[in-house]
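Asker: Take this structure, written in structure tokens, and hold onto it; I'll ask about it next.
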Amino acid sequence: MNIEKKLQEKTIQALQSLYATTVEKVALEKTNHDFKGDYTLVVFNFLKISKKKPEDTAIEIGNYLKTNLPEVADFNVVKGFLNIVVKDSFWLNYFQSSFNKPFINPTLPENAPTVMVEYSSPNTNKPLHLGHVRNNLLGFSVAEILKAAGNHVVKTNLVNDRGIHICKSMLAWQKWGGGETPESSGLKGDHLVGKYYVEFDKHYKSQVADFKSKGLSDEEAEKQAPLMLEIQDMLRKWEAGDKVVRTLWEKMNAWVYKGFEASYKMLGVSFDSTYYESNTYLLGKNIIDEGLASGVLKRRADNSVYIDLTADGLDEKTLLRADGTSVYMTQDLGTAVQRFEQHKFNKLIYTVGNEQDYHFKVLFLILKKMGYKWADGLFHLSYGMVELPEGKMKSREGTVVDADDLMQEMVNTAAATTKELGKTEGLSDADADKLYHTIGLGALKYFMLKIDPKKKMLFNPSESIDFNGNTAPFIQFNYVRIQALLRKANENNFNVLNESITVNIPEVILPKEKELIIRLYNFNTALKQAADEYSPAIIANYVYDLAKEYSQYYHDTPIFKEESKDLILFRLQLSKTIGDAIKSSMKLLGIEVPERM
RNA sequence: GAUUCCAUAGCUCAGCUGGAUAGAGCAACGGUUUUCUAAACCGUAGGCCUUUGGUUCGAAUCCAAAUGGGAUCACCA
């Protein structure tokens, strides 16, 4: 059992035994660095029941713990703070018993809950940009974390492949494309289609400006511009299954999918299932009928259907237009129900930006009101926007940071830095390319994941992403150092893994070594917290602290100069375990670690 | 206007389920290489934790208000 839990339970017992009072739970914290101890109990809360001075109360509890818990070595009291010292032997036993065991359990428990994680969900009218990068990295990492925490995870992608915005690219290509294809232009498919999306907007804007100069209002001009009428006509034809429109749609979407596939591969994300809106956009209508029958939904005089959420502090939400067609919300109701029927999930997590907070609040509330019990398991993983120094990115205005460009730039920077540091020696071209990819993408991923998902983040394209300090390359570098140590150990006949060598861990270990062991011990706590909060940032901070701590240790403590063979082996084993922890943590973030750099 | 999220070093961020003197990285300045790879390590400097009030033995952390910033408030997705 976890030492923290043991201490908490014993403290509750102590309070019961000393003051005959039952306390539900007690909070322990890590002892501040300036004091001796591992865990601290703040006793101010117990003064009412002890009716004694803080110091005396702390001493009484401390004595009880020391006598009744074999793991407690000692304690000291400063004012109302009871600092508890755990025996070195406890940490050493933990270390020895966990050596060379995986940090992440590779098998799932028998009745692992099913969690669906929806992320990415791109539009097929333009290439991925920085905002999508955050979404993809976050969704993938959360899926990895939940998997490691013992859930059966289904990663899913809902591709928005239809609608008026797709028609814009299609129409523009038809008019001005001159038959251009990815092959003929040398452009990646998604970029080619995105080019025509921008093209449409350019022409459309000039038409609107023309109409406005003739005295029309903004709204009128936007409605009457011929291009607007043309895409609306195109959308109607699409919905009617018009052969020409559908063929064009299929052709251009295929280009986009090929492009996305390349971006996803570069980014290292994947999906277990992919849904297309062209297949799901009609879902949800039967649910509307049920809702009407049960009275949860109402019909207006003009035949449109809505739900009244004003009693819940929200508005009236329309679910079917007067002409009977469905809206975004209708579709999301339908897909949620469909997913539950297909996967019987315990939880469904939507990785979607915080600009849709309201939408999901309404969606979940409607499903609850309609009586779906599983709606309690729905969660909106809401993350902040990625902003540029000049503000929000706008694809139509070209102020976007393109995902493919950014990734390539990161790889290039990694290559340049590696060469500059003279670390390419003995690397084959293929290995070098792999290394640049690992470092460059690692830096990018860590940069985005170390920030709390809920917070908006600032990205300044003119300042390159760091490779020093609190970054993935720093963490990777420490992993690499450890691998180099282990190689050297092999050459010197120190077989770290050989079970036949019994290592007598020295009685007294360095404070830094104990600290490192405690950090290893806390891996599971970090994993659990990250899973509970859906926050890769917790893992990122954990692994950075571990790597930083190790870096100091590595610097201050030469290993092979040591005379005692046991001590050398212990330090090698400690280093190896830290390497394992780094690798496992980075895997949770979707970041690879190289063997050399 | 309504709702909602946010505000910590020059910059980017931790810390927030109340606890001891608020931590990192970057940038700046200075140092460390006959050592297991310096993408490293050490040091200096940098803070009215936006403001005001409240709760408490104790507030960056909880509550309220103010100020500033973002988002949402479509029969768009």
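Ordered as shown in the structure tokens, chains take letters A, B, and onward, while each chain numbers its residues from 1 and ligands are numbered from 1 in the order shown.
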Please identify all polymer residues within 12 Å of G30 in chain B, counting only C-alpha atoms (C1' of nucleotides), omitting same-chain residues fewer than 5 positions from it, and present them as a list in words.

Answerer: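 Here the qualifying residues turn out to be C42, G43, U44 and A45 of chain B.
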
Asker: Restricting it to C-alpha atoms (C1' of nucleotides), dump the selection as a short mmCIF file (atom, residue, chain, number, x, y, z; two decimals), in the first residue's frame.

Answerer:
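result-v3.cif, written as the output of this step:
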data_model
loop_
_atom_site.label_atom_id
_atom_site.label_comp_id
_atom_site.auth_asym_id
_atom_site.auth_seq_id
_atom_site.Cartn_x
_atom_site.Cartn_y
_atom_site.Cartn_z
"C1'" C B 42 26.66 26.52 -10.40
"C1'" G B 43 25.93 31.61 -9.07
"C1'" U B 44 23.95 37.03 -9.45
"C1'" A B 45 19.89 39.95 -10.51
#

Asker: So that I can check the surroundings of Ser551 in chain A, please list as a PDB file with all heavy atoms, in the first residue's frame every protein, DNA and RNA residue that reaches within 9 Å of it, counting only C-alpha atoms (C1' of nucleotides) and ignoring chain neighbours fewer than 5 positions away.

Answerer:
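The resulting result.pdb:
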ATOM      1  N   ASN A 478      18.939  13.779 -21.233  1.00  0.00           N
ATOM      2  CA  ASN A 478      19.225  13.048 -20.005  1.00  0.00           C
ATOM      3  C   ASN A 478      18.971  11.557 -20.167  1.00  0.00           C
ATOM      4  O   ASN A 478      19.675  10.740 -19.579  1.00  0.00           O
ATOM      5  CB  ASN A 478      18.428  13.631 -18.837  1.00  0.00           C
ATOM      6  CG  ASN A 478      19.116  14.860 -18.280  1.00  0.00           C
ATOM      7  OD1 ASN A 478      20.156  14.760 -17.644  1.00  0.00           O
ATOM      8  ND2 ASN A 478      18.575  16.029 -18.574  1.00  0.00           N
ATOM      9  N   LEU A 546      11.959  15.370 -12.840  1.00  0.00           N
ATOM     10  CA  LEU A 546      12.784  14.171 -12.681  1.00  0.00           C
ATOM     11  C   LEU A 546      14.093  14.309 -13.454  1.00  0.00           C
ATOM     12  O   LEU A 546      15.180  14.033 -12.933  1.00  0.00           O
ATOM     13  CB  LEU A 546      12.007  12.941 -13.173  1.00  0.00           C
ATOM     14  CG  LEU A 546      12.740  11.605 -13.096  1.00  0.00           C
ATOM     15  CD1 LEU A 546      12.913  11.166 -11.648  1.00  0.00           C
ATOM     16  CD2 LEU A 546      11.980  10.527 -13.881  1.00  0.00           C
ATOM     17  N   ASP A 556      27.055  15.979 -10.387  1.00  0.00           N
ATOM     18  CA  ASP A 556      27.766  16.006  -9.101  1.00  0.00           C
ATOM     19  C   ASP A 556      28.328  14.657  -8.681  1.00  0.00           C
ATOM     20  O   ASP A 556      29.164  14.587  -7.786  1.00  0.00           O
ATOM     21  CB  ASP A 556      26.812  16.481  -7.982  1.00  0.00           C
ATOM     22  CG  ASP A 556      26.357  17.909  -8.210  1.00  0.00           C
ATOM     23  OD1 ASP A 556      27.041  18.624  -8.971  1.00  0.00           O
ATOM     24  OD2 ASP A 556      25.322  18.295  -7.649  1.00  0.00           O
TER      25      ASP A 556
ATOM     26  P     A B  40      20.913  22.563 -21.865  1.00  0.00           P
ATOM     27  OP1   A B  40      19.554  22.545 -21.283  1.00  0.00           O
ATOM     28  OP2   A B  40      21.589  23.845 -22.120  1.00  0.00           O
ATOM     29  O5'   A B  40      21.871  21.691 -20.936  1.00  0.00           O
ATOM     30  C5'   A B  40      21.404  20.490 -20.343  1.00  0.00           C
ATOM     31  C4'   A B  40      22.449  19.981 -19.385  1.00  0.00           C
ATOM     32  O4'   A B  40      23.751  20.011 -20.043  1.00  0.00           O
ATOM     33  C3'   A B  40      22.639  20.841 -18.149  1.00  0.00           C
ATOM     34  O3'   A B  40      21.695  20.510 -17.161  1.00  0.00           O
ATOM     35  C2'   A B  40      24.061  20.457 -17.742  1.00  0.00           C
ATOM     36  O2'   A B  40      24.090  19.181 -17.152  1.00  0.00           O
ATOM     37  C1'   A B  40      24.747  20.378 -19.107  1.00  0.00           C
ATOM     38  N9    A B  40      25.309  21.673 -19.514  1.00  0.00           N
ATOM     39  C8    A B  40      24.876  22.494 -20.516  1.00  0.00           C
ATOM     40  N7    A B  40      25.581  23.585 -20.650  1.00  0.00           N
ATOM     41  C5    A B  40      26.538  23.486 -19.651  1.00  0.00           C
ATOM     42  C6    A B  40      27.587  24.332 -19.268  1.00  0.00           C
ATOM     43  N6    A B  40      27.853  25.492 -19.871  1.00  0.00           N
ATOM     44  N1    A B  40      28.362  23.937 -18.246  1.00  0.00           N
ATOM     45  C2    A B  40      28.096  22.783 -17.652  1.00  0.00           C
ATOM     46  N3    A B  40      27.133  21.893 -17.923  1.00  0.00           N
ATOM     47  C4    A B  40      26.389  22.309 -18.947  1.00  0.00           C
ATOM     48  P     C B  41      21.187  21.516 -16.107  1.00  0.00           P
ATOM     49  OP1   C B  41      20.122  20.871 -15.338  1.00  0.00           O
ATOM     50  OP2   C B  41      20.950  22.834 -16.740  1.00  0.00           O
ATOM     51  O5'   C B  41      22.471  21.669 -15.187  1.00  0.00           O
ATOM     52  C5'   C B  41      22.873  20.610 -14.331  1.00  0.00           C
ATOM     53  C4'   C B  41      24.123  21.017 -13.603  1.00  0.00           C
ATOM     54  O4'   C B  41      25.171  21.301 -14.575  1.00  0.00           O
ATOM     55  C3'   C B  41      24.005  22.311 -12.823  1.00  0.00           C
ATOM     56  O3'   C B  41      23.374  22.121 -11.574  1.00  0.00           O
ATOM     57  C2'   C B  41      25.469  22.705 -12.689  1.00  0.00           C
ATOM     58  O2'   C B  41      26.128  21.901 -11.742  1.00  0.00           O
ATOM     59  C1'   C B  41      25.990  22.349 -14.080  1.00  0.00           C
ATOM     60  N1    C B  41      25.911  23.494 -15.014  1.00  0.00           N
ATOM     61  C2    C B  41      26.891  24.498 -14.929  1.00  0.00           C
ATOM     62  O2    C B  41      27.775  24.388 -14.071  1.00  0.00           O
ATOM     63  N3    C B  41      26.840  25.545 -15.775  1.00  0.00           N
ATOM     64  C4    C B  41      25.876  25.627 -16.682  1.00  0.00           C
ATOM     65  N4    C B  41      25.866  26.679 -17.494  1.00  0.00           N
ATOM     66  C5    C B  41      24.854  24.628 -16.791  1.00  0.00           C
ATOM     67  C6    C B  41      24.913  23.592 -15.947  1.00  0.00           C
TER      68        C B  41
END

Asker: Mind listing as a VMD selection string which residues of chain B are within 8 Å of chain A, counting only C-alpha atoms (C1' of nucleotides)?

Answerer: chain B and resid 6 13 to 14 19 to 20 24 to 26 35 to 37 39 to 41 57 71 to 72 75 77

Asker: From range 169-268 of chain A, collect each residue whose DSSP state is alpha helix (DSSP H) and return the set as an NGL selection string.

Answerer: :A and (169-176 or 182-185 or 189-213 or 218-224 or 226-240 or 243-267)

Asker: As a VMD selection string, please: every residue in range 350-554 of chain A that DSSP puts in strand (DSSP E or B).

Answerer: chain A and resid 350 to 353 378 to 383 386 to 388 391 to 392 402 457 to 458

Asker: If you measure from CA of Lys6 in chain A to CA of Ile518 in chain A, what distance in Å do you get, rounded to one decimal?

Answerer: 15.7 Å
